[in-house]
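So this block is work-v1.cif, mmCIF, C-alpha atoms:
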```
data_input
loop_
_atom_site.label_atom_id
_atom_site.label_comp_id
_atom_site.auth_asym_id
_atom_site.auth_seq_id
_atom_site.Cartn_x
_atom_site.Cartn_y
_atom_site.Cartn_z
CA MET A 27 77.08 167.53 148.35
CA THR A 28 76.12 170.00 145.62
CA GLU A 29 75.19 173.49 146.73
CA ILE A 30 73.11 175.98 144.78
CA GLU A 31 74.08 179.62 144.58
CA ILE A 32 71.13 181.72 145.72
CA GLY A 33 73.09 184.94 145.26
CA ARG A 34 76.74 185.94 145.47
CA ALA A 35 76.70 185.94 149.26
CA LYS A 36 74.58 182.83 149.93
CA ARG A 37 74.67 179.19 148.93
CA ALA A 38 72.32 176.39 149.99
CA ARG A 39 71.90 172.68 149.45
CA ARG A 40 68.79 171.29 147.83
CA ALA A 41 66.37 169.48 150.15
CA TYR A 42 63.34 167.36 149.32
CA SER A 43 59.86 166.91 150.75
CA PHE A 44 57.87 163.67 150.64
CA ASP A 45 56.01 165.07 147.62
CA ASP A 46 59.32 165.36 145.78
CA ILE A 47 60.21 161.66 145.96
CA ALA A 48 58.69 158.34 144.92
CA ILE A 49 59.35 154.72 145.87
CA VAL A 50 60.65 152.50 143.07
CA PRO A 51 59.24 148.97 142.57
CA SER A 52 61.85 146.21 142.60
CA ARG A 53 62.16 142.98 140.61
CA ARG A 54 60.59 141.01 143.48
CA THR A 55 57.09 141.29 144.93
CA ARG A 56 55.49 139.66 147.97
CA ASP A 57 52.04 138.72 149.17
CA PRO A 58 50.74 141.44 151.52
CA GLU A 59 49.89 138.68 154.05
CA GLU A 60 53.62 137.99 154.46
CA VAL A 61 54.44 141.58 155.46
CA SER A 62 55.00 142.62 159.10
CA VAL A 63 54.80 146.27 160.10
CA ALA A 64 55.68 145.63 163.77
CA TRP A 65 58.48 147.54 165.47
CA GLN A 66 60.05 147.69 168.92
CA ILE A 67 61.49 150.55 170.95
CA ASP A 68 63.26 149.70 174.18
CA ALA A 69 61.25 146.89 175.82
CA TYR A 70 57.98 147.81 174.09
CA ARG A 71 56.80 146.10 170.92
CA PHE A 72 54.03 147.52 168.74
CA ASP A 73 52.10 145.90 165.91
CA LEU A 74 51.84 149.24 164.07
CA PRO A 75 54.58 151.84 163.37
CA VAL A 76 52.10 154.57 164.30
CA VAL A 77 52.61 156.98 167.19
CA ALA A 78 49.76 159.43 167.71
CA ALA A 79 50.77 163.08 167.97
CA PRO A 80 50.09 164.51 171.44
CA MET A 81 47.49 167.04 170.33
CA ASP A 82 44.10 167.71 171.89
CA SER A 83 42.34 167.37 168.54
CA VAL A 84 43.77 163.84 168.14
CA MET A 85 44.31 162.21 171.53
CA SER A 86 42.08 161.93 174.55
CA PRO A 87 42.66 159.22 177.16
CA GLU A 88 39.96 157.20 175.37
CA THR A 89 41.47 157.49 171.88
CA ALA A 90 44.95 156.76 173.27
CA ILE A 91 43.55 153.57 174.78
CA ALA A 92 41.80 152.65 171.53
CA LEU A 93 44.98 153.16 169.48
CA GLY A 94 46.96 151.13 172.00
CA ARG A 95 44.51 148.24 171.67
CA PHE A 96 44.88 148.39 167.88
CA GLY A 97 48.66 148.01 168.25
CA GLY A 98 49.88 151.61 168.03
CA LEU A 99 51.09 154.08 170.64
CA GLY A 100 48.83 156.88 171.81
CA VAL A 101 50.62 159.85 173.39
CA LEU A 102 48.60 162.22 175.57
CA ASP A 103 49.48 165.92 175.70
CA LEU A 104 50.06 166.46 179.41
CA GLU A 105 49.76 170.23 178.95
CA GLY A 106 46.49 170.02 177.04
CA LEU A 107 42.85 170.37 177.97
CA TRP A 108 42.75 166.95 179.63
CA THR A 109 45.16 168.11 182.35
CA ARG A 110 43.72 171.62 182.71
CA TYR A 111 40.02 170.76 183.07
CA GLU A 112 38.19 167.96 184.87
CA ASP A 113 35.72 167.74 181.97
CA PRO A 114 36.99 169.39 178.76
CA ALA A 115 34.09 168.11 176.62
CA PRO A 116 32.13 171.42 176.65
CA LEU A 117 35.27 173.31 175.64
CA LEU A 118 35.96 170.89 172.80
CA ASP A 119 32.39 171.49 171.59
CA GLU A 120 33.01 175.22 171.77
CA VAL A 121 36.25 174.98 169.80
CA ALA A 122 34.48 172.96 167.10
CA ALA A 123 31.81 175.67 166.81
CA MET A 124 34.27 178.57 166.44
CA ARG A 125 34.50 180.41 163.15
CA GLY A 126 36.87 183.07 161.85
CA PRO A 127 40.10 184.60 163.19
CA ALA A 128 38.62 185.17 166.65
CA ALA A 129 39.16 181.45 167.28
CA THR A 130 42.86 182.04 168.01
CA GLY A 131 42.11 184.49 170.81
CA ARG A 132 39.56 182.17 172.37
CA LEU A 133 41.99 179.26 172.23
CA GLN A 134 44.54 181.38 174.10
CA GLU A 135 41.93 182.09 176.79
CA ILE A 136 40.96 178.43 177.14
CA TYR A 137 44.55 177.26 177.45
CA ALA A 138 45.41 179.94 180.02
CA GLU A 139 43.97 177.63 182.68
CA PRO A 140 46.88 176.13 184.65
CA VAL A 141 47.96 172.51 184.24
CA LYS A 142 47.05 170.47 187.33
CA ALA A 143 49.34 167.73 188.59
CA GLU A 144 46.43 165.69 189.98
CA LEU A 145 44.82 165.57 186.52
CA ILE A 146 48.08 164.37 184.96
CA THR A 147 48.06 161.50 187.44
CA ALA A 148 44.38 160.73 186.86
CA ARG A 149 44.65 160.64 183.05
CA LEU A 150 47.76 158.45 183.04
CA ASN A 151 46.18 156.10 185.58
CA GLN A 152 43.11 155.82 183.33
CA MET A 153 45.32 154.70 180.45
CA ARG A 154 47.30 152.31 182.65
CA ASP A 155 44.12 150.70 184.01
CA ALA A 156 43.12 149.93 180.41
CA GLY A 157 46.23 147.77 179.99
CA VAL A 158 47.91 149.71 177.15
CA THR A 159 51.40 151.20 176.96
CA VAL A 160 51.18 154.58 178.70
CA ALA A 161 52.89 157.54 177.03
CA GLY A 162 52.64 161.23 177.86
CA SER A 163 54.23 164.33 176.40
CA LEU A 164 55.58 167.53 177.92
CA SER A 165 57.27 170.49 176.29
CA PRO A 166 60.92 171.11 177.22
CA GLN A 167 59.80 174.23 179.14
CA ARG A 168 57.49 172.27 181.47
CA THR A 169 59.45 169.01 181.76
CA LYS A 170 61.28 169.88 184.97
CA GLU A 171 58.09 171.10 186.63
CA PHE A 172 55.99 167.99 186.01
CA ALA A 173 58.47 165.17 185.32
CA LYS A 174 58.29 163.66 188.82
CA CYS A 175 54.49 163.67 188.72
CA VAL A 176 54.52 161.93 185.34
CA VAL A 177 57.02 159.25 186.38
CA ASP A 178 55.26 158.66 189.72
CA ALA A 179 52.01 158.08 187.80
CA GLY A 180 53.66 155.09 186.12
CA VAL A 181 54.23 156.34 182.59
CA ASP A 182 55.89 153.72 180.35
CA MET A 183 57.32 156.14 177.83
CA PHE A 184 58.16 159.82 178.29
CA VAL A 185 57.95 162.13 175.26
CA ILE A 186 59.64 165.54 175.29
CA ARG A 187 58.25 167.30 172.23
CA GLY A 188 58.69 170.83 171.03
CA THR A 189 58.77 172.67 167.73
CA THR A 190 62.52 172.21 167.92
CA VAL A 191 64.51 170.64 170.75
CA SER A 192 68.27 170.86 171.13
CA ALA A 193 70.69 169.17 173.48
CA GLU A 194 72.46 172.50 173.87
CA HIS A 195 69.87 175.18 174.66
CA VAL A 196 71.56 178.42 175.77
CA SER A 197 69.64 180.82 178.00
CA SER A 198 70.58 183.75 180.22
CA GLN A 199 67.07 183.92 181.69
CA ALA A 200 66.74 180.52 183.35
CA GLU A 201 68.65 177.30 183.82
CA PRO A 202 67.85 175.17 180.77
CA LEU A 203 66.85 171.52 180.89
CA ASN A 204 69.97 169.35 180.78
CA LEU A 205 68.66 166.52 178.64
CA LYS A 206 71.60 164.21 179.24
CA GLU A 207 71.32 164.42 183.03
CA PHE A 208 67.52 164.27 182.95
CA ILE A 209 67.33 161.18 180.73
CA TYR A 210 70.10 159.43 182.69
CA GLU A 211 68.15 159.84 185.94
CA LEU A 212 64.88 158.50 184.51
CA ASP A 213 63.92 154.84 184.67
CA VAL A 214 61.71 155.04 181.58
CA PRO A 215 62.66 155.42 177.89
CA VAL A 216 62.49 158.94 176.49
CA ILE A 217 61.54 160.06 172.99
CA VAL A 218 62.72 163.60 172.26
CA GLY A 219 62.40 166.08 169.41
CA GLY A 220 61.88 167.64 167.01
CA CYS A 221 65.09 168.02 165.16
CA ALA A 222 65.82 168.37 161.49
CA THR A 223 69.56 168.06 160.88
CA TYR A 224 72.27 165.42 161.15
CA GLN A 225 74.23 167.29 163.81
CA ALA A 226 71.22 168.16 165.99
CA ALA A 227 70.03 164.55 165.86
CA LEU A 228 73.48 163.23 166.79
CA HIS A 229 73.54 165.50 169.85
CA LEU A 230 70.09 164.30 170.92
CA MET A 231 71.11 160.65 170.49
CA ARG A 232 74.11 161.25 172.76
CA THR A 233 71.75 162.31 175.57
CA GLY A 234 70.58 158.71 175.90
CA ALA A 235 67.20 159.13 174.21
CA ALA A 236 65.52 155.94 173.02
CA GLY A 237 63.96 157.73 170.06
CA VAL A 238 64.30 161.01 168.19
CA LEU A 239 61.43 162.91 166.55
CA VAL A 240 62.24 164.38 163.14
CA GLY A 241 60.38 167.45 161.95
CA PHE A 242 59.97 171.18 162.27
CA GLY A 243 56.99 173.23 161.17
CA GLY A 244 55.69 170.65 158.76
CA GLY A 245 52.33 169.71 160.24
CA ALA A 246 48.99 170.45 158.64
CA ALA A 247 48.05 172.88 161.42
CA HIS A 248 51.42 174.68 161.51
CA THR A 249 52.07 178.18 160.18
CA THR A 250 55.66 178.14 161.46
CA ARG A 251 57.06 178.62 157.97
CA THR A 252 54.91 181.71 157.49
CA VAL A 253 55.45 183.19 160.97
CA LEU A 254 59.10 182.35 161.62
CA GLY A 255 60.35 181.54 158.14
CA VAL A 256 61.66 178.21 159.47
CA ALA A 257 60.77 174.82 158.00
CA VAL A 258 62.45 171.71 156.67
CA PRO A 259 61.55 169.36 153.81
CA MET A 260 60.86 166.05 155.51
CA ALA A 261 62.39 163.54 153.09
CA SER A 262 65.81 165.15 153.44
CA ALA A 263 65.41 165.62 157.19
CA VAL A 264 64.52 161.96 157.82
CA ALA A 265 67.39 160.75 155.62
CA ASP A 266 69.85 163.05 157.42
CA VAL A 267 68.73 161.86 160.86
CA ALA A 268 68.86 158.24 159.70
CA ALA A 269 72.50 158.87 158.77
CA ALA A 270 73.10 160.21 162.29
CA ARG A 271 71.53 157.03 163.70
CA ARG A 272 73.91 154.90 161.62
CA ASP A 273 76.98 156.88 162.71
CA TYR A 274 75.87 156.92 166.35
CA LEU A 275 75.42 153.15 166.20
CA ASP A 276 79.13 152.88 165.37
CA GLU A 277 80.16 155.58 167.83
CA SER A 278 78.27 154.03 170.75
CA GLY A 279 79.29 150.45 170.06
CA GLY A 280 75.87 149.23 168.96
CA ARG A 281 73.23 151.47 170.60
CA TYR A 282 70.30 151.89 168.19
CA VAL A 283 68.21 155.05 168.52
CA HIS A 284 64.84 154.97 166.78
CA VAL A 285 63.96 157.64 164.25
CA ILE A 286 60.32 158.77 164.25
CA ALA A 287 59.12 161.06 161.45
CA ASP A 288 56.95 163.82 162.93
CA GLY A 289 55.60 166.18 160.31
CA SER A 290 54.06 166.24 156.83
CA ILE A 291 52.48 162.79 157.36
CA GLY A 292 49.08 163.55 155.88
CA ARG A 293 48.33 160.53 153.69
CA SER A 294 49.17 156.85 153.65
CA GLY A 295 51.81 157.35 150.96
CA ASP A 296 53.70 159.71 153.28
CA ILE A 297 54.04 156.91 155.84
CA SER A 298 55.64 154.63 153.24
CA LYS A 299 57.97 157.41 152.06
CA ALA A 300 59.02 158.29 155.63
CA ILE A 301 60.05 154.70 156.33
CA ALA A 302 61.71 154.44 152.90
CA CYS A 303 63.85 157.45 153.88
CA GLY A 304 64.94 155.71 157.09
CA ALA A 305 62.25 156.23 159.75
CA ASP A 306 61.40 153.39 162.13
CA ALA A 307 57.91 154.76 162.78
CA VAL A 308 55.79 157.85 162.17
CA MET A 309 54.07 160.28 164.51
CA VAL A 310 50.76 161.28 162.94
CA GLY A 311 48.21 163.95 163.76
CA SER A 312 45.96 164.96 160.89
CA PRO A 313 45.17 161.41 159.64
CA LEU A 314 43.86 160.46 163.10
CA ALA A 315 42.09 163.82 163.55
CA ARG A 316 39.76 162.63 160.77
CA ALA A 317 38.47 159.75 162.95
CA SER A 318 34.89 160.01 164.15
CA GLU A 319 36.13 159.35 167.72
CA ALA A 320 38.75 162.14 167.61
CA PRO A 321 38.18 164.74 170.35
CA GLY A 322 38.59 167.61 167.86
CA ARG A 323 35.17 166.88 166.31
CA GLY A 324 36.63 167.10 162.80
CA PHE A 325 38.96 170.02 163.60
CA HIS A 326 42.70 169.84 164.12
CA TRP A 327 45.09 172.11 166.03
CA GLY A 328 48.34 171.92 167.95
CA ALA A 329 50.00 173.75 170.81
CA GLU A 330 51.36 176.32 168.36
CA ALA A 331 47.80 177.54 167.72
CA TRP A 332 47.34 178.80 171.29
CA HIS A 333 50.80 180.13 172.09
CA PRO A 334 50.16 183.14 174.35
CA LEU A 335 52.63 185.48 172.61
CA LEU A 336 53.22 184.23 169.05
CA PRO A 337 50.63 181.81 167.66
CA ARG A 338 52.03 179.91 164.68
CA GLY A 339 49.37 177.36 164.05
CA GLU A 340 45.81 177.23 162.81
CA ARG A 341 42.67 175.34 163.70
CA VAL A 342 42.06 173.38 160.51
CA GLU A 343 38.77 171.74 159.59
CA PHE A 344 39.16 168.24 158.15
CA GLY A 345 35.82 166.65 158.92
CA SER A 346 35.49 162.93 159.66
CA VAL A 347 36.08 160.20 157.10
CA GLY A 348 35.49 157.11 159.25
CA THR A 349 36.19 155.39 162.52
CA LEU A 350 39.68 155.03 163.94
CA GLU A 351 39.64 151.37 162.98
CA GLU A 352 38.68 152.21 159.39
CA ILE A 353 41.38 154.87 159.13
CA LEU A 354 43.97 152.36 160.31
CA PHE A 355 42.78 149.13 158.69
CA GLY A 356 39.98 149.98 156.27
CA PRO A 357 37.98 149.19 154.35
CA SER A 358 38.58 152.48 152.58
CA ARG A 359 35.75 154.27 150.82
CA VAL A 360 38.01 156.95 149.31
CA ALA A 361 41.04 156.92 147.02
CA ASP A 362 42.97 159.80 148.58
CA GLY A 363 45.11 157.98 151.16
CA THR A 364 43.16 159.07 154.24
CA MET A 365 41.82 155.59 155.11
CA ASN A 366 43.39 152.12 155.57
CA LEU A 367 46.81 153.57 156.38
CA ILE A 368 48.25 150.22 157.43
CA GLY A 369 46.84 148.40 154.43
CA ALA A 370 48.51 150.95 152.15
CA LEU A 371 51.88 150.58 153.92
CA THR A 372 51.63 146.80 153.76
CA ARG A 373 50.85 146.88 150.04
CA SER A 374 53.65 149.34 149.37
CA MET A 375 56.12 147.01 151.09
CA ALA A 376 54.74 143.95 149.29
CA THR A 377 54.90 145.70 145.91
CA THR A 378 58.59 146.43 146.41
CA GLY A 379 59.41 142.99 147.80
CA TYR A 380 60.00 143.74 151.49
CA THR A 381 58.49 141.97 154.49
CA GLU A 382 60.06 143.91 157.40
CA LEU A 383 60.21 147.63 158.14
CA LYS A 384 63.99 147.69 158.61
CA GLU A 385 64.41 146.04 155.20
CA PHE A 386 62.02 148.55 153.63
CA GLN A 387 64.35 151.38 154.74
CA ARG A 388 66.70 150.18 151.98
CA VAL A 389 64.14 150.53 149.15
CA GLU A 390 65.16 152.65 146.18
CA VAL A 391 63.62 156.11 145.88
CA VAL A 392 63.79 158.66 143.08
CA VAL A 393 63.36 162.41 142.90
CA GLN A 394 60.35 163.26 140.78
#
```
Just give me the structure as structure tokens.
Amino acid sequence: MTEIEIGRAKRARRAYSFDDIAIVPSRRTRDPEEVSVAWQIDAYRFDLPVVAAPMDSVMSPETAIALGRFGGLGVLDLEGLWTRYEDPAPLLDEVAAMRGPAATGRLQEIYAEPVKAELITARLNQMRDAGVTVAGSLSPQRTKEFAKCVVDAGVDMFVIRGTTVSAEHVSSQAEPLNLKEFIYELDVPVIVGGCATYQAALHLMRTGAAGVLVGFGGGAAHTTRTVLGVAVPMASAVADVAAARRDYLDESGGRYVHVIADGSIGRSGDISKAIACGADAVMVGSPLARASEAPGRGFHWGAEAWHPLLPRGERVEFGSVGTLEEILFGPSRVADGTMNLIGALTRSMATTGYTELKEFQRVEVVVQ
């Protein structure tokens, strides 16, 4: 692998974002009607390779149910407003009305309310009663505290999501979460991340995770690169983690761990590029935050925006472009890749001659 000399004391390899690459058409094309974008993780099959990011601006119990009925997977943030307040609607209205830098301080105040175990149970039961696959997310720091409550509520899929998650967290302040032991003791599949390198992904796969989230500081509402100086170009990250999946498949004697791109998925073309680089599915936030049903009322923010000590996210205004159904399936009224995400993916696959997602992972890409 070629390295570039930054200066006499430092060398680095070149990495690429989704904007840096393009998918190459092949000699064969297909009819879009012949294309399937379904995928399966553990015992759960989904018609769409779309996992909603567990962010309060994107997922409420109602929008998680709606996405589940459309064939995707809605993941509820179990440390968000829905598990801190019985009725968060007035607070969501307030957040939408905020203007200027004072919004960060007010977000910190709102999210200072403790998470309540009984609300975790109630929200997950609401999703289960609707008949969709139930998924909830906790940060690594709160997983031990609330894991039993989440599992007892009947969650189908457990997501452990942080800015970065390692299988080897070292701390002198508290006993860290042992992912391998934790996942082994659970009876439900676990998706864990984010990670951004081959080695980190391989370690996470060895914990027994069913899926690994790929990404760090790449979301539309992140300022992690500005605040911490840490980020990763997503095309290279997904390809590196896909290589770890391949090598772990050999190492484990055939255990396939799903790779889910989680970051820099802002337009429909980014979904196609993520899968072309090796992802099995994508976790999206900002595209779904543009839905008229989204709880953010046209605004988008993540947990980084209300961190009590070091906020590294912003509340971004996107507005609404259409309903959730229109954003997923069209018809699109714009030509910027914010609507008919699935139609665009299907056409991209058909244009390059592929009918299955796993086949599409082999499509040729070029650096622009």
Quick one: which residues end up in the PyMOL selection byres ((chain A and resi 271-287) around 6) for this structure, as a PDB file with C-alpha atoms, in the coordinates of the input?
```
ATOM      1  CA  ALA A 236      65.520 155.940 173.020  1.00  0.00           C
ATOM      2  CA  GLY A 237      63.960 157.730 170.060  1.00  0.00           C
ATOM      3  CA  VAL A 238      64.300 161.010 168.190  1.00  0.00           C
ATOM      4  CA  LEU A 239      61.430 162.910 166.550  1.00  0.00           C
ATOM      5  CA  VAL A 240      62.240 164.380 163.140  1.00  0.00           C
ATOM      6  CA  ALA A 268      68.860 158.240 159.700  1.00  0.00           C
ATOM      7  CA  ALA A 269      72.500 158.870 158.770  1.00  0.00           C
ATOM      8  CA  ALA A 270      73.100 160.210 162.290  1.00  0.00           C
ATOM      9  CA  ASP A 288      56.950 163.820 162.930  1.00  0.00           C
ATOM     10  CA  ALA A 305      62.250 156.230 159.750  1.00  0.00           C
ATOM     11  CA  ASP A 306      61.400 153.390 162.130  1.00  0.00           C
ATOM     12  CA  ALA A 307      57.910 154.760 162.780  1.00  0.00           C
ATOM     13  CA  VAL A 308      55.790 157.850 162.170  1.00  0.00           C
ATOM     14  CA  MET A 309      54.070 160.280 164.510  1.00  0.00           C
TER      15      MET A 309
END
```
Return the single residue from A:Gly162, A:Gly339, A:Pro334, A:Gly304 that is closest to Glu139 in chain A, with distances computed using all atoms listed in the file. A:Pro334
Between A:Ala38, A:Met375, A:Ala370, A:Met183, single out the one closest to Val101 in chain A, counting all atoms listed in the file. A:Met183
With only C-alpha atoms as the basis for distance, which of A:Ala361, A:Leu117, A:Ile368, A:Val393 is at the shortest distance from Ser62 in chain A?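 The closest residue to Ser62 in chain A is A:Ile368.
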I would like the residues chosen by the PyMOL selection byres ((chain A and resi 353) around 8) on the shown file; could you give them as a list in words? Pro313, Leu314, Ala317, Val347, Gly348, Thr349, Leu350, Glu351, Glu352, Leu354, Phe355, Gly356, Ser358, Thr364, Met365, Asn366 and Leu367 of chain A
Could you list, as an MDAnalysis selection string, every residue matched by the PyMOL selection byres ((chain A and resi 53) around 12) in this structure? chainID A and resid 50:52 54:56 376:380 389:390
Using the selection just defined, write its residues with C-alpha atoms as a CSV table (one decimal), in the coordinates of the input.
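Contents of part32.csv, as written:
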```csv
chain,number,residue,atom,x,y,z
A,50,VAL,CA,60.6,152.5,143.1
A,51,PRO,CA,59.2,149.0,142.6
A,52,SER,CA,61.8,146.2,142.6
A,54,ARG,CA,60.6,141.0,143.5
A,55,THR,CA,57.1,141.3,144.9
A,56,ARG,CA,55.5,139.7,148.0
A,376,ALA,CA,54.7,144.0,149.3
A,377,THR,CA,54.9,145.7,145.9
A,378,THR,CA,58.6,146.4,146.4
A,379,GLY,CA,59.4,143.0,147.8
A,380,TYR,CA,60.0,143.7,151.5
A,389,VAL,CA,64.1,150.5,149.2
A,390,GLU,CA,65.2,152.6,146.2
```
I'd like the interatomic distance between CA of Tyr42 in chain A and CA of Trp65 in chain A, to a tenth of an Å.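 Between CA of Tyr42 in chain A and CA of Trp65 in chain A the gap works out to 26.0 Å.
Counting only C-alpha atoms, the residue from A:Glu144, A:Asp213, A:Glu105, A:Asp119 that sits nearest to Gln167 in chain A is A:Glu105.
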